[in-house]
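**Student:** Please find data.cif (mmCIF, C-alpha atoms) on the next line:
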data_my_file
loop_
_atom_site.group_PDB
_atom_site.id
_atom_site.type_symbol
_atom_site.label_atom_id
_atom_site.label_comp_id
_atom_site.auth_asym_id
_atom_site.auth_seq_id
_atom_site.Cartn_x
_atom_site.Cartn_y
_atom_site.Cartn_z
ATOM 1 C CA MET W 1421 53.231 -8.512 -29.133
ATOM 2 C CA GLU W 1422 51.464 -5.388 -30.271
ATOM 3 C CA ASP W 1423 50.790 -4.624 -33.914
ATOM 4 C CA THR W 1424 52.871 -1.463 -33.764
ATOM 5 C CA ASP W 1425 55.825 -3.435 -32.362
ATOM 6 C CA MET W 1426 55.556 -5.973 -35.186
ATOM 7 C CA LEU W 1427 55.412 -3.201 -37.756
ATOM 8 C CA ALA W 1428 58.443 -1.466 -36.228
ATOM 9 C CA ARG W 1429 60.406 -4.734 -36.258
ATOM 10 C CA LEU W 1430 59.498 -5.378 -39.898
ATOM 11 C CA VAL W 1431 60.556 -1.872 -40.896
ATOM 12 C CA SER W 1432 63.908 -2.195 -39.132
ATOM 13 C CA GLN W 1433 64.439 -5.663 -40.626
ATOM 14 C CA ALA W 1434 63.578 -4.359 -44.103
ATOM 15 C CA GLU W 1435 66.081 -1.525 -43.691
ATOM 16 C CA GLY W 1436 68.789 -3.983 -42.629
ATOM 17 C CA ASP W 1437 68.117 -6.689 -45.231
ATOM 18 C CA GLY W 1438 67.407 -4.424 -48.152
ATOM 19 C CA GLY W 1439 63.720 -5.376 -48.355
ATOM 20 C CA ASP W 1440 63.037 -8.412 -50.512
ATOM 21 C CA LEU W 1441 59.569 -9.107 -51.919
ATOM 22 C CA VAL W 1442 58.463 -11.277 -48.980
ATOM 23 C CA MET W 1443 59.545 -8.620 -46.515
ATOM 24 C CA ILE W 1444 57.737 -5.880 -48.430
ATOM 25 C CA ARG W 1445 54.539 -7.946 -48.551
ATOM 26 C CA ALA W 1446 54.745 -8.641 -44.814
ATOM 27 C CA LEU W 1447 55.329 -4.948 -44.174
ATOM 28 C CA VAL W 1448 52.349 -3.934 -46.284
ATOM 29 C CA GLU W 1449 50.120 -6.561 -44.654
ATOM 30 C CA GLU W 1450 51.029 -5.476 -41.118
ATOM 31 C CA ALA W 1451 50.584 -1.798 -42.001
ATOM 32 C CA SER W 1452 47.179 -2.421 -43.553
ATOM 33 C CA ASP W 1453 46.036 -4.488 -40.554
ATOM 34 C CA LEU W 1454 47.168 -1.741 -38.218
ATOM 35 C CA GLY W 1455 45.403 0.912 -40.290
ATOM 36 C CA ALA W 1456 42.190 -1.105 -40.459
ATOM 37 C CA GLY W 1457 42.269 -1.588 -36.685
ATOM 38 C CA ARG W 1458 42.726 2.130 -36.128
ATOM 39 C CA ALA W 1459 39.869 2.940 -38.490
ATOM 40 C CA LEU W 1460 37.551 0.521 -36.681
ATOM 41 C CA GLU W 1461 38.541 2.030 -33.320
ATOM 42 C CA ARG W 1462 37.778 5.538 -34.568
ATOM 43 C CA LEU W 1463 34.373 4.381 -35.762
ATOM 44 C CA GLY W 1464 33.684 2.692 -32.437
ATOM 45 C CA LEU W 1465 33.559 -0.756 -34.010
ATOM 46 C CA ALA W 1466 36.580 -2.339 -32.331
ATOM 47 C CA ASP W 1467 34.714 -4.087 -29.506
ATOM 48 C CA ARG W 1468 33.273 -7.596 -29.467
ATOM 49 C CA GLY W 1469 29.667 -6.425 -29.862
ATOM 50 C CA ALA W 1470 30.394 -4.492 -33.045
ATOM 51 C CA GLU W 1471 29.328 -7.301 -35.374
ATOM 52 C CA LYS W 1472 25.939 -7.543 -33.667
ATOM 53 C CA ASP W 1473 25.578 -3.743 -33.729
ATOM 54 C CA VAL W 1474 26.298 -3.591 -37.457
ATOM 55 C CA ALA W 1475 23.813 -6.411 -38.111
ATOM 56 C CA GLU W 1476 21.141 -4.513 -36.163
ATOM 57 C CA LEU W 1477 21.896 -1.312 -38.049
ATOM 58 C CA ARG W 1478 21.574 -3.133 -41.360
ATOM 59 C CA GLU W 1479 18.248 -4.597 -40.254
ATOM 60 C CA LEU W 1480 16.999 -1.150 -39.234
ATOM 61 C CA LEU W 1481 18.143 0.328 -42.521
ATOM 62 C CA ARG W 1482 16.384 -2.446 -44.457
ATOM 63 C CA ALA W 1483 13.174 -1.839 -42.454
ATOM 64 C CA TRP W 1484 13.433 1.912 -43.099
ATOM 65 C CA ARG W 1485 13.815 1.335 -46.840
ATOM 66 C CA ASP W 1486 10.843 -1.042 -46.868
ATOM 67 C CA ALA W 1487 8.698 1.473 -44.958
ATOM 68 C CA LYS W 1488 9.726 4.272 -47.304
ATOM 69 C CA THR W 1489 8.855 2.162 -50.351
ATOM 70 C CA SER W 1490 5.472 1.228 -48.862
ATOM 71 C CA ALA W 1491 4.712 4.861 -48.060
ATOM 72 C CA TRP W 1492 5.504 5.962 -51.619
ATOM 73 C CA LYS W 1493 3.347 3.176 -53.040
ATOM 74 C CA ALA W 1494 0.465 4.245 -50.808
ATOM 75 C CA VAL W 1495 0.818 7.909 -51.824
ATOM 76 C CA ILE W 1496 0.878 6.989 -55.503
ATOM 77 C CA GLY W 1497 -2.102 4.665 -55.088
ATOM 78 C CA TRP W 1498 -4.199 7.317 -53.337
ATOM 79 C CA THR W 1499 -3.208 9.924 -55.927
ATOM 80 C CA VAL W 1500 -4.274 7.653 -58.781
ATOM 81 C CA ARG W 1501 -7.584 6.905 -57.037
ATOM 82 C CA GLY W 1502 -8.191 10.637 -56.503
ATOM 83 C CA VAL W 1503 -7.487 11.450 -60.141
ATOM 84 C CA LEU W 1504 -9.785 8.652 -61.320
ATOM 85 C CA ALA W 1505 -12.526 9.876 -58.972
ATOM 86 C CA LEU W 1506 -12.190 13.392 -60.407
ATOM 87 C CA VAL W 1507 -12.350 11.998 -63.948
ATOM 88 C CA LEU W 1508 -15.549 10.074 -63.094
ATOM 89 C CA ILE W 1509 -17.111 13.148 -61.486
ATOM 90 C CA GLY W 1510 -16.176 15.206 -64.540
ATOM 91 C CA MET W 1511 -17.749 12.623 -66.857
ATOM 92 C CA ALA W 1512 -20.902 12.574 -64.727
ATOM 93 C CA VAL W 1513 -21.167 16.359 -64.917
ATOM 94 C CA LYS W 1514 -20.481 16.341 -68.661
ATOM 95 C CA LEU W 1515 -23.113 13.677 -69.329
ATOM 96 C CA GLY W 1516 -25.633 15.374 -67.037
ATOM 97 C CA LEU W 1517 -26.002 12.416 -64.707
ATOM 98 C CA PHE W 1518 -26.371 14.669 -61.665
ATOM 99 C CA GLY W 1519 -29.731 15.795 -63.028
ATOM 100 C CA LEU W 1520 -30.945 12.190 -62.928
ATOM 101 C CA VAL W 1521 -29.940 11.824 -59.303
ATOM 102 C CA LYS W 1522 -31.877 14.959 -58.216
ATOM 103 C CA SER W 1523 -35.126 13.788 -59.762
#
Is it possible to give me this structure as structure tokens?

**Tutor:**
Amino acid sequence: MEDTDMLARLVSQAEGDGGDLVMIRALVEEASDLGAGRALERLGLADRGAEKDVAELRELLRAWRDAKTSAWKAVIGWTVRGVLALVLIGMAVKLGLFGLVKS
């Protein structure tokens, strides 16, 4: 039996019986399952390989985040080294150490 058939039967039964709490819960559960299935179909995740695809996408996303973090750390490290090198060169010029090297 299809999900839409089950939902239609529950709705007609709820209309006939007056809709007790159990019937309303069953109706809500079937409607939410049907809606979730439709959403997964629209996203292209309704097939059997979807779980593997999502796992691969998560792995790729994790690798991308790790690479991005490593790149930022490298940029910051090289920037700090460059600033320290400029500070050392400035101190050498200020102290006149370049005159000692030329002699």

**Student:** Could you jot down the atom CA of Leu1447 of chain W to atom CA of Val1431 of chain W separation for me, Å, one decimal place?

**Tutor:**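 Atom CA of Val1431 of chain W lies 6.9 Å from atom CA of Leu1447 of chain W.
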
**Student:** When distances are computed from only C-alpha atoms, which of W:Leu1520, W:Leu1508, W:Ile1444, W:Ala1466 shows the smallest separation from Ser1432 of chain W?

**Tutor:** W:Ile1444

**Student:** May I ask which of the residues W:Ala1428, W:Val1500, W:Ala1434, W:Val1513 is the closest one to Leu1454 of chain W, counting all atoms listed in the file?

**Tutor:**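 Result for the nearest residue to Leu1454 of chain W: W:Ala1428.
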
**Student:** Give me, please, the distance in Å between atom CA of Thr1499 of chain W and atom CA of Arg1485 of chain W, quoted to one decimal.

**Tutor:**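 Interatomic distance here is 21.1 Å.
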
**Student:** Using all atoms listed in the file, which of the listed residues (W:Leu1430, W:Gly1455, W:Val1474, W:Lys1488) sits closest to Met1443 of chain W?

**Tutor:**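 Selected residue with least distance to Met1443 of chain W: W:Leu1430.
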